>>> print(open('input-v3.tsv').read())   # TSV, C-alpha atoms and all ligand atoms
chain	number	residue	atom	x	y	z
A	1	MET	CA	-27.39	-7.88	13.57
A	2	SER	CA	-25.58	-7.80	10.23
A	3	PRO	CA	-24.51	-11.11	8.64
A	4	GLU	CA	-20.85	-10.22	9.33
A	5	THR	CA	-21.30	-9.77	13.08
A	6	THR	CA	-23.59	-12.68	13.89
A	7	LEU	CA	-22.11	-15.81	15.40
A	8	ALA	CA	-25.27	-17.91	15.01
A	9	GLY	CA	-24.31	-21.57	14.76
A	10	VAL	CA	-20.64	-20.84	15.59
A	11	ALA	CA	-18.98	-22.74	18.46
A	12	VAL	CA	-16.77	-20.44	20.55
A	13	LEU	CA	-14.34	-21.69	23.19
A	14	ILE	CA	-13.07	-19.08	25.69
A	15	ASP	CA	-10.59	-19.40	28.54
A	16	ALA	CA	-10.70	-16.80	31.30
A	17	GLY	CA	-9.28	-15.77	34.64
A	18	PRO	CA	-6.01	-16.59	36.34
A	19	THR	CA	-4.45	-19.94	37.07
A	20	TYR	CA	-3.20	-20.84	40.53
A	21	GLU	CA	-0.07	-22.94	40.83
A	22	ASP	CA	-0.01	-24.69	44.19
A	23	ILE	CA	3.20	-24.69	46.21
A	24	ASP	CA	1.91	-26.64	49.18
A	25	PRO	CA	-1.59	-27.26	50.67
A	26	VAL	CA	-1.89	-23.61	51.80
A	27	ARG	CA	0.15	-21.55	49.32
A	28	PHE	CA	0.09	-20.87	45.59
A	29	LEU	CA	1.50	-18.64	42.85
A	30	GLY	CA	-1.23	-16.59	41.19
A	31	ASN	CA	-1.98	-13.30	39.45
A	32	ARG	CA	-4.50	-10.45	39.56
A	33	SER	CA	-6.80	-11.57	36.73
A	34	SER	CA	-10.45	-11.35	37.82
A	35	GLY	CA	-11.97	-13.14	34.81
A	36	LYS	CA	-14.14	-10.06	34.04
A	37	MET	CA	-12.82	-9.60	30.49
A	38	GLY	CA	-13.28	-13.26	29.52
A	39	PHE	CA	-16.73	-13.52	31.10
A	40	ALA	CA	-17.83	-10.30	29.34
A	41	ILE	CA	-16.65	-11.79	26.03
A	42	ALA	CA	-18.59	-14.98	26.80
A	43	ALA	CA	-21.76	-12.91	27.41
A	44	ALA	CA	-21.20	-10.90	24.21
A	45	ALA	CA	-20.60	-14.07	22.17
A	46	VAL	CA	-23.85	-15.58	23.53
A	47	ALA	CA	-25.66	-12.35	22.55
A	48	ALA	CA	-24.18	-12.69	19.05
A	49	GLY	CA	-25.73	-16.18	18.81
A	50	ALA	CA	-22.67	-18.35	19.51
A	51	ASN	CA	-22.63	-21.68	21.30
A	52	VAL	CA	-20.17	-20.83	24.08
A	53	THR	CA	-17.92	-23.07	26.18
A	54	LEU	CA	-16.15	-21.22	28.98
A	55	VAL	CA	-13.08	-22.63	30.72
A	56	ALA	CA	-12.64	-20.61	33.91
A	57	GLY	CA	-9.72	-20.36	36.28
A	58	PRO	CA	-10.40	-19.59	39.96
A	59	VAL	CA	-12.73	-16.55	39.79
A	60	ALA	CA	-15.70	-15.33	41.81
A	61	LEU	CA	-18.04	-14.70	38.87
A	62	ALA	CA	-21.43	-16.13	37.94
A	63	THR	CA	-21.74	-17.89	34.60
A	64	PRO	CA	-23.23	-15.47	32.02
A	65	PRO	CA	-26.77	-16.60	31.08
A	66	GLY	CA	-26.83	-18.65	27.89
A	67	VAL	CA	-23.31	-20.08	28.18
A	68	ALA	CA	-23.72	-23.70	27.06
A	69	ARG	CA	-20.95	-25.17	29.21
A	70	ARG	CA	-18.58	-23.94	31.93
A	71	VAL	CA	-15.58	-25.94	33.09
A	72	ASP	CA	-13.85	-24.74	36.27
A	73	VAL	CA	-10.12	-25.35	36.62
A	74	ARG	CA	-7.34	-24.21	38.96
A	75	SER	CA	-3.91	-24.71	37.43
A	76	ALA	CA	-2.41	-24.13	33.98
A	77	LEU	CA	-2.19	-27.89	33.43
A	78	GLU	CA	-5.89	-28.29	34.29
A	79	MET	CA	-6.76	-25.38	31.98
A	80	ARG	CA	-4.74	-26.95	29.16
A	81	ALA	CA	-6.53	-30.30	29.62
A	82	ALA	CA	-9.98	-28.63	29.62
A	83	VAL	CA	-9.20	-26.51	26.55
A	84	LEU	CA	-7.78	-29.45	24.58
A	85	ALA	CA	-10.81	-31.59	25.53
A	86	ALA	CA	-13.16	-28.94	24.11
A	87	VAL	CA	-11.20	-27.54	21.17
A	88	ASN	CA	-12.13	-30.18	18.57
A	89	GLY	CA	-15.66	-28.85	18.23
A	90	ALA	CA	-14.66	-25.18	18.37
A	91	ASP	CA	-14.79	-22.80	15.39
A	92	ILE	CA	-13.19	-19.92	17.34
A	93	PHE	CA	-10.84	-20.04	20.35
A	94	ILE	CA	-10.45	-16.83	22.41
A	95	ALA	CA	-7.64	-17.01	24.99
A	96	THR	CA	-8.27	-14.28	27.57
A	97	ALA	CA	-6.85	-16.23	30.51
A	98	ALA	CA	-3.79	-14.98	32.37
A	99	VAL	CA	-2.14	-18.39	32.44
A	100	ALA	CA	0.77	-18.66	34.88
A	101	ASP	CA	3.99	-18.93	32.90
A	102	TRP	CA	5.60	-21.06	35.61
A	103	ARG	CA	4.69	-23.63	38.25
A	104	VAL	CA	6.79	-25.08	41.04
A	105	ALA	CA	8.89	-28.03	39.96
A	106	GLU	CA	7.88	-30.01	43.01
A	107	TYR	CA	4.61	-29.59	44.94
A	108	SER	CA	5.05	-30.20	48.66
A	109	ALA	CA	2.22	-32.36	50.01
A	110	ARG	CA	3.06	-31.06	53.51
A	111	LYS	CA	2.98	-27.38	54.50
A	112	ILE	CA	6.49	-25.95	54.13
A	113	LYS	CA	7.65	-24.90	57.61
A	114	LYS	CA	9.81	-22.00	58.65
A	115	GLY	CA	13.08	-23.27	60.07
A	116	PRO	CA	16.63	-22.41	60.97
A	117	SER	CA	17.85	-22.98	57.40
A	118	GLY	CA	16.03	-19.81	56.22
A	119	ALA	CA	13.60	-19.14	53.37
A	120	PRO	CA	12.93	-21.99	50.94
A	121	VAL	CA	14.17	-21.68	47.38
A	122	LEU	CA	11.42	-22.56	44.90
A	123	GLU	CA	12.47	-24.12	41.64
A	124	LEU	CA	10.08	-23.09	38.86
A	125	ILE	CA	9.40	-24.83	35.57
A	126	GLU	CA	7.62	-23.44	32.52
A	127	ASN	CA	3.96	-24.24	31.90
A	128	PRO	CA	2.86	-25.34	28.43
A	129	ASP	CA	1.59	-22.49	26.22
A	130	ILE	CA	-2.07	-23.41	25.66
A	131	LEU	CA	-2.66	-20.75	23.00
A	132	ALA	CA	0.41	-21.69	20.94
A	133	GLU	CA	-0.56	-25.36	21.19
A	134	VAL	CA	-4.08	-24.71	19.87
A	135	ALA	CA	-2.72	-22.48	17.10
A	136	ALA	CA	-0.30	-25.25	16.03
A	137	ARG	CA	-3.09	-27.82	15.56
A	138	GLU	CA	-4.22	-28.93	12.12
A	139	PRO	CA	-7.10	-28.34	11.52
A	140	ARG	CA	-7.39	-25.48	13.97
A	141	PRO	CA	-10.08	-23.03	15.00
A	142	PHE	CA	-9.86	-19.29	14.28
A	143	VAL	CA	-7.45	-18.30	17.06
A	144	VAL	CA	-7.65	-15.05	19.05
A	145	GLY	CA	-4.96	-14.36	21.64
A	146	PHE	CA	-4.63	-11.65	24.26
A	147	ALA	CA	-1.50	-9.90	25.48
A	148	ALA	CA	-1.10	-7.98	28.71
A	149	GLU	CA	1.90	-5.68	28.56
A	150	THR	CA	3.30	-2.93	30.78
A	151	ASP	CA	5.42	-1.31	28.01
A	152	HIS	CA	5.94	-1.31	24.23
A	153	VAL	CA	2.43	-2.80	23.92
A	154	ALA	CA	2.04	-2.79	20.12
A	155	GLU	CA	5.60	-4.01	19.52
A	156	HIS	CA	5.43	-6.92	21.99
A	157	ALA	CA	1.92	-7.79	20.82
A	158	ARG	CA	2.83	-8.00	17.13
A	159	ALA	CA	5.80	-10.21	18.01
A	160	LYS	CA	3.40	-12.51	19.91
A	161	LEU	CA	0.93	-12.59	16.97
A	162	VAL	CA	3.70	-13.80	14.67
A	163	ARG	CA	5.45	-16.16	17.14
A	164	LYS	CA	2.23	-17.89	18.19
A	165	LYS	CA	0.76	-17.87	14.62
A	166	LEU	CA	-2.51	-16.17	15.67
A	167	ASP	CA	-5.35	-14.88	13.50
A	168	LEU	CA	-6.02	-11.93	15.82
A	169	LEU	CA	-4.46	-10.55	18.96
A	170	ALA	CA	-6.06	-8.15	21.47
A	171	ALA	CA	-3.36	-6.31	23.39
A	172	ASN	CA	-4.02	-4.40	26.59
A	173	HIS	CA	-1.87	-2.09	28.57
A	174	VAL	CA	-1.62	-3.05	32.22
A	175	ASP	CA	-1.91	-0.18	34.69
A	176	GLU	CA	-4.09	0.59	37.71
A	177	ARG	CA	-7.05	1.99	35.68
A	178	VAL	CA	-7.43	-0.51	32.84
A	179	GLY	CA	-6.70	-4.12	32.07
A	180	ILE	CA	-6.09	-6.74	34.68
A	181	SER	CA	-8.70	-6.77	37.50
A	182	ALA	CA	-10.06	-3.31	36.49
A	183	ASP	CA	-13.66	-2.68	35.33
A	184	ASP	CA	-12.51	-0.92	32.14
A	185	ASN	CA	-10.16	-1.96	29.41
A	186	ALA	CA	-8.72	-0.58	26.17
A	187	LEU	CA	-7.48	-2.82	23.39
A	188	GLU	CA	-5.20	-2.65	20.39
A	189	LEU	CA	-6.54	-5.26	17.99
A	190	ILE	CA	-3.79	-6.59	15.73
A	191	TRP	CA	-3.89	-9.01	12.81
A	192	PRO	CA	-1.32	-9.93	10.14
A	193	GLY	CA	-2.54	-7.17	7.76
A	194	GLY	CA	-3.42	-4.33	10.12
A	195	SER	CA	-4.55	-3.01	13.49
A	196	GLU	CA	-7.39	-1.09	15.14
A	197	THR	CA	-7.64	0.76	18.44
A	198	LEU	CA	-10.68	-0.07	20.59
A	199	PRO	CA	-10.72	2.84	23.07
A	200	ARG	CA	-11.22	2.61	26.82
A	201	ALA	CA	-14.69	1.40	27.83
A	202	PRO	CA	-16.32	-0.79	30.48
A	203	LYS	CA	-15.40	-4.41	29.78
A	204	ALA	CA	-19.01	-5.39	28.88
A	205	GLU	CA	-19.18	-2.69	26.21
A	206	LEU	CA	-15.69	-3.37	24.90
A	207	ALA	CA	-16.47	-7.10	24.71
A	208	ARG	CA	-19.47	-6.42	22.43
A	209	THR	CA	-17.27	-4.39	20.05
A	210	LEU	CA	-14.52	-6.99	20.17
A	211	VAL	CA	-16.90	-9.89	19.45
A	212	ALA	CA	-18.33	-8.00	16.45
A	213	ARG	CA	-14.77	-7.51	15.12
A	214	ILE	CA	-13.87	-11.17	15.75
A	215	ALA	CA	-17.02	-12.25	13.89
A	216	ALA	CA	-16.19	-9.99	10.94
A	217	HIS	CA	-12.60	-11.32	10.69
A	218	TYR	CA	-13.82	-14.92	11.14
A	219	HIS	CA	-16.41	-14.61	8.33
A	220	ALA	CA	-13.93	-12.80	6.06
A	221	ARG	CA	-11.47	-15.67	6.56
A	222	ALA	CA	-14.16	-18.29	5.89
A	223	ALA	CA	-15.17	-16.48	2.66
A	224	ALA	CA	-11.56	-16.12	1.41
B	1	LIG	O1	-9.36	-11.10	34.01
B	1	LIG	P1	-9.37	-9.58	34.02
B	1	LIG	O2	-9.09	-9.01	35.38
B	1	LIG	O3	-10.64	-9.01	33.41
B	1	LIG	O4	-8.16	-9.07	33.12
B	1	LIG	C1	-8.16	-9.34	31.75
B	1	LIG	C2	-6.74	-9.64	31.24
B	1	LIG	C3	-5.87	-8.40	31.41
B	1	LIG	C4	-6.14	-10.82	32.03
B	1	LIG	C5	-6.89	-10.02	29.72
B	1	LIG	O5	-7.44	-8.94	29.02
B	1	LIG	C6	-5.55	-10.41	29.12
B	1	LIG	O6	-4.77	-9.58	28.68
B	1	LIG	N1	-5.26	-11.73	29.11
B	1	LIG	C7	-3.94	-12.27	28.70
B	1	LIG	C8	-2.99	-12.06	29.81
B	1	LIG	C9	-1.67	-12.72	29.59
B	1	LIG	O7	-1.32	-13.57	30.36
B	1	LIG	O8	-0.99	-12.36	28.54
B	1	LIG	P2	0.41	-13.04	28.09
B	1	LIG	O9	1.04	-12.01	27.28
B	1	LIG	O10	1.16	-13.61	29.25
B	1	LIG	O11	-0.06	-14.28	27.21
B	1	LIG	C10	-0.33	-14.13	25.82
B	1	LIG	C11	-1.42	-15.08	25.38
B	1	LIG	O12	-0.97	-16.44	25.56
B	1	LIG	C12	-2.75	-14.97	26.14
B	1	LIG	O13	-3.79	-15.15	25.22
B	1	LIG	C13	-2.69	-16.12	27.14
B	1	LIG	O14	-4.01	-16.61	27.45
B	1	LIG	C14	-1.88	-17.16	26.37
B	1	LIG	N2	-1.08	-18.08	27.20
B	1	LIG	C15	-0.02	-17.59	27.92
B	1	LIG	C16	0.76	-18.46	28.65
B	1	LIG	C17	0.44	-19.85	28.65
B	1	LIG	N3	1.15	-20.73	29.34
B	1	LIG	N4	-0.61	-20.29	27.94
B	1	LIG	C18	-1.38	-19.44	27.21
B	1	LIG	O15	-2.37	-19.85	26.58
>>> encode(input="input-v3.tsv", output="structure tokens")
Amino acid sequence: MSPETTLAGVAVLIDAGPTYEDIDPVRFLGNRSSGKMGFAIAAAAVAAGANVTLVAGPVALATPPGVARRVDVRSALEMRAAVLAAVNGADIFIATAAVADWRVAEYSARKIKKGPSGAPVLELIENPDILAEVAAREPRPFVVGFAAETDHVAEHARAKLVRKKLDLLAANHVDERVGISADDNALELIWPGGSETLPRAPKAELARTLVARIAAHYHARAAA
């Protein structure tokens, strides 16, 4: 492993998977994220020598061998609390999680029943943006965001990189073959001074390439 791609002695914090926003004791708002991309990145970071903390939403995946610590969470608020509790010791934060943008304004402790007044109207409120919050900290780790887009991928992704003040952003197109819940992915890696296409590959393979690129950018930043 070349000095630029090793992460020996580097603490990496990764969030992965979906979040579930409970509506009542039996229902929730969720999304299709499987956690595969984030867990593959965790495995690749371990292989690169990093000390890895993995914050996982509700997924059915085993912890990759060598991950130092896994924290399981359900909702966006729980994910935020777990990330903020771990971020102080982190050199690199990689936000692969598909965090729900909204949660219901009021959780119903009792199951919502069908009735003569028709379908319930759910009021939604915005969840905090965990990635933007970490990126706004001072001091902050090297911050890598993800973006899942259905259209204008590069355009939307670059806007996110700037708005959220990220060091790197990995954008993926969402369709039925790649990206969310699929076994393969393809990424457009974007940073303030450039971009690189990482072509379609199984997530484990793509994660190894991505981690090598993250390490190179991280070391270049540290040396600057
Ligand atoms: O889990 P898989 O099935 O393997 O799928 C992987 C993936 C497609 C989910 C992953 O590669 C990916 O793209 N993750 C980000 C998905 C996403 O929610 O993108 P976004 O454009 O909504 O969010 C942009 C960034 O902000 C992400 O890094 C996200 O983690 C972060 N975010 C978003 C909202 C929020 N409230 N808090 C956040 O931290």
>>> residues_near_point(input="input-v3.tsv", point="(-10.6, -16.4, 44.0)", cutoff="12 Å", atoms="all atoms listed in the file", output="JSON list (two decimals) with C-alpha atoms, in the coordinates of the input")
[["chain", "number", "residue", "atom", "x", "y", "z"],
["A", 17, "GLY", "CA", -9.28, -15.77, 34.64],
["A", 18, "PRO", "CA", -6.01, -16.59, 36.34],
["A", 19, "THR", "CA", -4.45, -19.94, 37.07],
["A", 20, "TYR", "CA", -3.20, -20.84, 40.53],
["A", 28, "PHE", "CA", 0.09, -20.87, 45.59],
["A", 30, "GLY", "CA", -1.23, -16.59, 41.19],
["A", 31, "ASN", "CA", -1.98, -13.30, 39.45],
["A", 32, "ARG", "CA", -4.50, -10.45, 39.56],
["A", 33, "SER", "CA", -6.80, -11.57, 36.73],
["A", 34, "SER", "CA", -10.45, -11.35, 37.82],
["A", 35, "GLY", "CA", -11.97, -13.14, 34.81],
["A", 56, "ALA", "CA", -12.64, -20.61, 33.91],
["A", 57, "GLY", "CA", -9.72, -20.36, 36.28],
["A", 58, "PRO", "CA", -10.40, -19.59, 39.96],
["A", 59, "VAL", "CA", -12.73, -16.55, 39.79],
["A", 60, "ALA", "CA", -15.70, -15.33, 41.81],
["A", 61, "LEU", "CA", -18.04, -14.70, 38.87],
["A", 72, "ASP", "CA", -13.85, -24.74, 36.27],
["A", 73, "VAL", "CA", -10.12, -25.35, 36.62],
["A", 74, "ARG", "CA", -7.34, -24.21, 38.96],
["A", 181, "SER", "CA", -8.70, -6.77, 37.50]]
>>> closest_residue(input="input-v3.tsv", among="A:Ile41, A:Val153, A:Val10, A:Ala159", to="Thr96 (chain A)", atoms="all atoms listed in the file")
A:Ile41
>>> atom_distance(input="input-v3.tsv", atom1="atom O2 of ligand LIG 1 (chain B)", atom2="CA of Ala157 (chain A)")
18.3 Å
>>> residues_near_ligand(input="input-v3.tsv", ligand="ligand LIG 1 (chain B)", cutoff="7 Å", atoms="only C-alpha atoms and all ligand atoms", output="PyMOL selection string")
chain A and resi 16-18+32-38+76+95-101+127-132+145-149+171-172+174+179-182
>>> atom_distance(input="input-v3.tsv", atom1="CA of Ala42 (chain A)", atom2="CA of Ala204 (chain A)")
9.8 Å
>>> residues_around(input="input-v3.tsv", residues="Lys165 (chain A)", least_positions_apart="5", cutoff="9 Å", atoms="all atoms listed in the file", output="PyMOL selection string")
chain A and resi 132+135-136+143+160
>>> residues_near_point(input="input-v3.tsv", point="(-27.0, -20.6, 16.9)", cutoff="8 Å", atoms="all atoms listed in the file", output="JSON, numbers by chain")
{"A": [7, 8, 9, 10, 49, 50, 51]}
>>> closest_residue(input="input-v3.tsv", among="A:Val55, A:Ala62, A:Leu206, A:Ala47", to="Met1 (chain A)", atoms="only C-alpha atoms")
A:Ala47
>>> atom_distance(input="input-v3.tsv", atom1="CA of Leu169 (chain A)", atom2="CA of Val144 (chain A)")
5.5 Å
>>> build_atoms(input="input-v3.tsv", residues="region 96-114 of chain A", atoms="N, CA, C and O atoms", output="PDB file, in the coordinates of the input")
ATOM      1  N   THR A  96      -8.395 -15.481  26.719  1.00  0.00           N
ATOM      2  CA  THR A  96      -8.270 -14.280  27.570  1.00  0.00           C
ATOM      3  C   THR A  96      -7.588 -14.587  28.894  1.00  0.00           C
ATOM      4  O   THR A  96      -7.294 -13.673  29.657  1.00  0.00           O
ATOM      5  N   ALA A  97      -7.367 -15.865  29.182  1.00  0.00           N
ATOM      6  CA  ALA A  97      -6.850 -16.230  30.510  1.00  0.00           C
ATOM      7  C   ALA A  97      -5.431 -15.709  30.719  1.00  0.00           C
ATOM      8  O   ALA A  97      -4.634 -15.635  29.789  1.00  0.00           O
ATOM      9  N   ALA A  98      -5.158 -15.339  31.968  1.00  0.00           N
ATOM     10  CA  ALA A  98      -3.790 -14.980  32.370  1.00  0.00           C
ATOM     11  C   ALA A  98      -3.181 -16.268  32.956  1.00  0.00           C
ATOM     12  O   ALA A  98      -3.218 -16.506  34.167  1.00  0.00           O
ATOM     13  N   VAL A  99      -2.688 -17.086  32.040  1.00  0.00           N
ATOM     14  CA  VAL A  99      -2.140 -18.390  32.440  1.00  0.00           C
ATOM     15  C   VAL A  99      -0.770 -18.180  33.081  1.00  0.00           C
ATOM     16  O   VAL A  99       0.063 -17.458  32.512  1.00  0.00           O
ATOM     17  N   ALA A 100      -0.538 -18.795  34.229  1.00  0.00           N
ATOM     18  CA  ALA A 100       0.770 -18.660  34.880  1.00  0.00           C
ATOM     19  C   ALA A 100       1.846 -19.217  33.955  1.00  0.00           C
ATOM     20  O   ALA A 100       1.703 -20.314  33.413  1.00  0.00           O
ATOM     21  N   ASP A 101       2.911 -18.458  33.765  1.00  0.00           N
ATOM     22  CA  ASP A 101       3.990 -18.930  32.900  1.00  0.00           C
ATOM     23  C   ASP A 101       4.795 -20.052  33.555  1.00  0.00           C
ATOM     24  O   ASP A 101       5.386 -20.873  32.867  1.00  0.00           O
ATOM     25  N   TRP A 102       4.802 -20.060  34.901  1.00  0.00           N
ATOM     26  CA  TRP A 102       5.600 -21.060  35.610  1.00  0.00           C
ATOM     27  C   TRP A 102       4.798 -21.735  36.717  1.00  0.00           C
ATOM     28  O   TRP A 102       3.848 -21.167  37.241  1.00  0.00           O
ATOM     29  N   ARG A 103       5.215 -22.941  37.074  1.00  0.00           N
ATOM     30  CA  ARG A 103       4.690 -23.630  38.250  1.00  0.00           C
ATOM     31  C   ARG A 103       5.879 -24.167  39.031  1.00  0.00           C
ATOM     32  O   ARG A 103       6.987 -24.246  38.476  1.00  0.00           O
ATOM     33  N   VAL A 104       5.653 -24.548  40.281  1.00  0.00           N
ATOM     34  CA  VAL A 104       6.790 -25.080  41.040  1.00  0.00           C
ATOM     35  C   VAL A 104       7.143 -26.471  40.523  1.00  0.00           C
ATOM     36  O   VAL A 104       6.259 -27.248  40.147  1.00  0.00           O
ATOM     37  N   ALA A 105       8.432 -26.746  40.496  1.00  0.00           N
ATOM     38  CA  ALA A 105       8.890 -28.030  39.960  1.00  0.00           C
ATOM     39  C   ALA A 105       8.374 -29.179  40.822  1.00  0.00           C
ATOM     40  O   ALA A 105       8.028 -30.248  40.310  1.00  0.00           O
ATOM     41  N   GLU A 106       8.309 -28.928  42.125  1.00  0.00           N
ATOM     42  CA  GLU A 106       7.880 -30.010  43.010  1.00  0.00           C
ATOM     43  C   GLU A 106       6.890 -29.490  44.047  1.00  0.00           C
ATOM     44  O   GLU A 106       7.254 -28.661  44.891  1.00  0.00           O
ATOM     45  N   TYR A 107       5.633 -29.959  43.957  1.00  0.00           N
ATOM     46  CA  TYR A 107       4.610 -29.590  44.940  1.00  0.00           C
ATOM     47  C   TYR A 107       4.929 -30.301  46.254  1.00  0.00           C
ATOM     48  O   TYR A 107       5.274 -31.481  46.262  1.00  0.00           O
ATOM     49  N   SER A 108       4.820 -29.570  47.354  1.00  0.00           N
ATOM     50  CA  SER A 108       5.050 -30.200  48.660  1.00  0.00           C
ATOM     51  C   SER A 108       3.704 -30.593  49.261  1.00  0.00           C
ATOM     52  O   SER A 108       2.856 -29.726  49.529  1.00  0.00           O
ATOM     53  N   ALA A 109       3.497 -31.883  49.468  1.00  0.00           N
ATOM     54  CA  ALA A 109       2.220 -32.360  50.010  1.00  0.00           C
ATOM     55  C   ALA A 109       2.038 -31.912  51.469  1.00  0.00           C
ATOM     56  O   ALA A 109       0.927 -31.899  51.987  1.00  0.00           O
ATOM     57  N   ARG A 110       3.153 -31.567  52.141  1.00  0.00           N
ATOM     58  CA  ARG A 110       3.060 -31.060  53.510  1.00  0.00           C
ATOM     59  C   ARG A 110       3.374 -29.576  53.515  1.00  0.00           C
ATOM     60  O   ARG A 110       4.181 -29.102  52.709  1.00  0.00           O
ATOM     61  N   LYS A 111       2.739 -28.817  54.411  1.00  0.00           N
ATOM     62  CA  LYS A 111       2.980 -27.380  54.500  1.00  0.00           C
ATOM     63  C   LYS A 111       4.472 -27.127  54.768  1.00  0.00           C
ATOM     64  O   LYS A 111       5.059 -27.739  55.684  1.00  0.00           O
ATOM     65  N   ILE A 112       5.068 -26.260  53.964  1.00  0.00           N
ATOM     66  CA  ILE A 112       6.490 -25.950  54.130  1.00  0.00           C
ATOM     67  C   ILE A 112       6.646 -25.108  55.399  1.00  0.00           C
ATOM     68  O   ILE A 112       5.977 -24.080  55.552  1.00  0.00           O
ATOM     69  N   LYS A 113       7.496 -25.564  56.309  1.00  0.00           N
ATOM     70  CA  LYS A 113       7.650 -24.900  57.610  1.00  0.00           C
ATOM     71  C   LYS A 113       8.818 -23.931  57.613  1.00  0.00           C
ATOM     72  O   LYS A 113       9.816 -24.150  56.930  1.00  0.00           O
ATOM     73  N   LYS A 114       8.657 -22.876  58.421  1.00  0.00           N
ATOM     74  CA  LYS A 114       9.810 -22.000  58.650  1.00  0.00           C
ATOM     75  C   LYS A 114      10.824 -22.777  59.487  1.00  0.00           C
ATOM     76  O   LYS A 114      10.440 -23.599  60.315  1.00  0.00           O
TER      77      LYS A 114
END
